[in-house]
Amino acid sequence: MEALLSTAYLPPVEWMSAYAQAETVWLEAEEHYLKQTYRNRCILLNVSGSVELSIPVSKTVPNHCPVREMRISYAENWPRNHWKSLETSYCTSPYFLYYRDYLEPFYQRRYDWLWDFNLEMLSVMLRLLRLPEKHRLTAAYEAHPEGVADFRAIIHPKRRTAPDYPFRNMEPYRQVFSDRQPFTPNLSVLDLLCNLGPESAEYLKRQPLPAVAP
């Protein structure tokens, strides 16, 4: 299977499952930036439930800005807030201590472009998951590409709790707050990694993917 995915900030489990199971992954590099998507946000879990973190982007860019030209805004200190949320959510998880030194630099260095931030973060996550890098960048935007499973519009944060969401049947795993709240599916892959550690890759490979016609 060849999979087509949009860029994502600390991608959700379903995104990474598609990546892990595909023979080749195409990252959409030529689309226009879309708001309120995983392109600049991730969903974690803390003692109160799901928490959404969003990387602020520049408000001065024109409409229909190419995704690779979307600038990160540092008008507010979001890196400190995001890192504090990561620590609060996963400091008691089995594996956060082993991975924190790989993650913290992303919240200490300033990145100009969202695309670069996501791409470098993806490389680190793949290394921690012990998965090979197998993505290529698209050279042109195609609304209806042939011969590839297109997940760009399917994987969306606003759909993750809908009854008809095609990734609703993810296998439960033990989460940090399993003793006080039910399993929450389709969080950031960071949740999976902090809870399952070295077992995460095998988990991703055995999750059911929806039938997406190539």
# chains A, B, ... in the order shown; residues from 1 in each chain; ligands from 1
call {"tool": "residues_around", "arguments": {"residues": "Ser188 (chain A)", "least_positions_apart": "4", "cutoff": "12 Å", "atoms": "only C-alpha atoms", "output": "JSON, numbers by chain"}}
result
{"A": [8, 9, 10, 11, 12, 13, 14, 15, 16, 17, 38, 41, 42, 43, 44, 45, 50, 51, 52, 53, 86, 89, 122, 125, 157, 160, 184, 192, 193, 194, 195]}
call {"tool": "select_by_dssp", "arguments": {"residues": "chain A", "states": "strand (DSSP E or B)", "output": "ChimeraX atom specification"}}
result
/A:2-6,12,24-28,32,41-46,49-54,57,66,71-72,113,135-137,149-150,188
call {"tool": "select_by_dssp", "arguments": {"residues": "region 4-190 of chain A", "states": "alpha helix (DSSP H)", "output": "ChimeraX atom specification"}}
result
/A:13-21,78-90,96-103,114-129,189-190
call {"tool": "closest_atom_pairs", "arguments": {"of": "region 136-195 of chain A", "to": "region 20-35 of chain A", "cutoff": "10 Å", "atoms": "only C-alpha atoms", "output": "tab-separated table"}}
result
residue	atom	partner	partner_atom	distance
A:Arg136	CA	A:Trp26	CA	5.0
A:Leu137	CA	A:Leu27	CA	4.9
A:Thr138	CA	A:Glu28	CA	5.4
A:Ala139	CA	A:Glu30	CA	6.8
A:Ala140	CA	A:Glu30	CA	5.7
A:Tyr141	CA	A:Glu30	CA	5.1
A:Glu142	CA	A:Glu31	CA	8.5
A:Ala143	CA	A:Glu31	CA	9.2
A:Val148	CA	A:Trp26	CA	8.8
A:Ala149	CA	A:Ala22	CA	9.2
A:Asp150	CA	A:Trp26	CA	9.4
A:Arg152	CA	A:Glu28	CA	8.1
call {"tool": "residues_around", "arguments": {"residues": "Tyr99 (chain A)", "least_positions_apart": "2", "cutoff": "12 Å", "atoms": "only C-alpha atoms", "output": "list in words"}}
result
Leu86, Glu87, Tyr90, Cys91, Ser93, Pro94, Tyr95, Phe96, Leu97, Asp101, Tyr102, Leu103, Glu104, Pro105, Val124, Met125, Arg127, Leu128, Leu129, Leu190, Asp191, Leu193, Cys194, Asn195, Gly197 and Pro198 of chain A
call {"tool": "write_last_selection", "arguments": {"atoms": "C-alpha atoms", "output": "mmCIF file, in the first residue's frame"}}
result
data_model
loop_
_atom_site.group_PDB
_atom_site.id
_atom_site.type_symbol
_atom_site.label_atom_id
_atom_site.label_comp_id
_atom_site.auth_asym_id
_atom_site.auth_seq_id
_atom_site.Cartn_x
_atom_site.Cartn_y
_atom_site.Cartn_z
ATOM 1 C CA LEU A 86 3.572 17.071 28.022
ATOM 2 C CA GLU A 87 5.250 16.759 31.413
ATOM 3 C CA TYR A 90 3.106 11.822 30.983
ATOM 4 C CA CYS A 91 5.609 12.343 33.799
ATOM 5 C CA SER A 93 3.962 7.128 32.450
ATOM 6 C CA PRO A 94 6.328 4.140 32.152
ATOM 7 C CA TYR A 95 8.493 5.570 29.370
ATOM 8 C CA PHE A 96 8.381 9.390 29.355
ATOM 9 C CA LEU A 97 11.644 9.572 31.293
ATOM 10 C CA ASP A 101 15.551 14.342 26.210
ATOM 11 C CA TYR A 102 14.639 13.687 22.569
ATOM 12 C CA LEU A 103 11.520 15.852 22.781
ATOM 13 C CA GLU A 104 12.473 18.820 24.938
ATOM 14 C CA PRO A 105 14.807 20.451 22.355
ATOM 15 C CA VAL A 124 12.588 11.712 15.978
ATOM 16 C CA MET A 125 9.295 9.933 16.625
ATOM 17 C CA ARG A 127 13.472 6.707 15.634
ATOM 18 C CA LEU A 128 11.867 6.304 19.064
ATOM 19 C CA LEU A 129 9.241 3.969 17.597
ATOM 20 C CA LEU A 190 3.193 10.264 22.034
ATOM 21 C CA ASP A 191 0.506 8.847 24.333
ATOM 22 C CA LEU A 193 4.855 5.700 23.051
ATOM 23 C CA CYS A 194 4.894 6.875 26.679
ATOM 24 C CA ASN A 195 2.642 3.993 27.720
ATOM 25 C CA GLY A 197 7.407 2.103 24.767
ATOM 26 C CA PRO A 198 9.159 -0.562 22.620
#
call {"tool": "residues_around", "arguments": {"residues": "Pro172 (chain A)", "least_positions_apart": "6", "cutoff": "10 Å", "atoms": "only C-alpha atoms", "output": "short mmCIF file (atom, residue, chain, number, x, y, z; two decimals) with N, CA and C atoms, in the first residue's frame"}}
result
data_model
loop_
_atom_site.label_atom_id
_atom_site.label_comp_id
_atom_site.auth_asym_id
_atom_site.auth_seq_id
_atom_site.Cartn_x
_atom_site.Cartn_y
_atom_site.Cartn_z
N PRO A 182 -12.07 5.93 31.22
CA PRO A 182 -12.03 4.89 30.19
C PRO A 182 -10.96 5.17 29.13
N PHE A 183 -10.66 4.14 28.36
CA PHE A 183 -9.68 4.28 27.28
C PHE A 183 -10.09 5.37 26.30
N THR A 184 -9.15 6.21 25.93
CA THR A 184 -9.38 7.28 24.96
C THR A 184 -8.59 6.97 23.70
N PRO A 185 -9.25 6.64 22.58
CA PRO A 185 -8.52 6.28 21.36
C PRO A 185 -8.07 7.51 20.56
N TYR A 203 2.09 -2.54 17.94
CA TYR A 203 0.71 -2.10 18.11
C TYR A 203 0.23 -1.38 16.86
#
call {"tool": "closest_residue", "arguments": {"among": "A:Met1, A:Cys65, A:Leu126, A:Leu209", "to": "Ile154 (chain A)", "atoms": "only C-alpha atoms"}}
result
A:Leu209
call {"tool": "closest_residue", "arguments": {"among": "A:Thr92, A:Ala75, A:Val176, A:Leu204", "to": "Val189 (chain A)", "atoms": "only C-alpha atoms"}}
result
A:Leu204
call {"tool": "closest_residue", "arguments": {"among": "A:Gly147, A:Pro163, A:Tyr74, A:Arg130", "to": "Glu202 (chain A)", "atoms": "only C-alpha atoms"}}
result
A:Arg130
call {"tool": "residues_around", "arguments": {"residues": "Asp112 (chain A)", "least_positions_apart": "2", "cutoff": "9 Å", "atoms": "only C-alpha atoms", "output": "list in words"}}
result
Met70, Arg71, Ile72, Ser73, Arg110, Leu114, Trp115, Asp116 and Phe117 of chain A
call {"tool": "write_last_selection", "arguments": {"atoms": "N, CA and C atoms", "output": "CSV table (one decimal), in the first residue's frame"}}
result
chain,number,residue,atom,x,y,z
A,70,MET,N,3.9,28.2,5.8
A,70,MET,CA,3.2,28.6,7.0
A,70,MET,C,4.2,28.8,8.1
A,71,ARG,N,4.3,30.1,8.6
A,71,ARG,CA,5.2,30.4,9.7
A,71,ARG,C,4.6,30.1,11.0
A,72,ILE,N,5.5,29.7,12.0
A,72,ILE,CA,5.1,29.6,13.4
A,72,ILE,C,5.1,31.0,14.0
A,73,SER,N,4.1,31.2,14.9
A,73,SER,CA,4.1,32.5,15.6
A,73,SER,C,4.6,32.2,17.0
A,110,ARG,N,13.8,27.8,18.4
A,110,ARG,CA,12.8,28.5,17.5
A,110,ARG,C,12.8,28.0,16.1
A,114,LEU,N,6.4,25.8,10.2
A,114,LEU,CA,5.7,24.7,10.7
A,114,LEU,C,6.1,23.4,10.0
A,115,TRP,N,6.2,23.4,8.7
A,115,TRP,CA,6.6,22.2,8.0
A,115,TRP,C,7.9,21.6,8.5
A,116,ASP,N,8.9,22.5,8.7
A,116,ASP,CA,10.2,22.0,9.2
A,116,ASP,C,10.1,21.4,10.6
A,117,PHE,N,9.4,22.1,11.5
A,117,PHE,CA,9.2,21.6,12.8
A,117,PHE,C,8.5,20.2,12.8
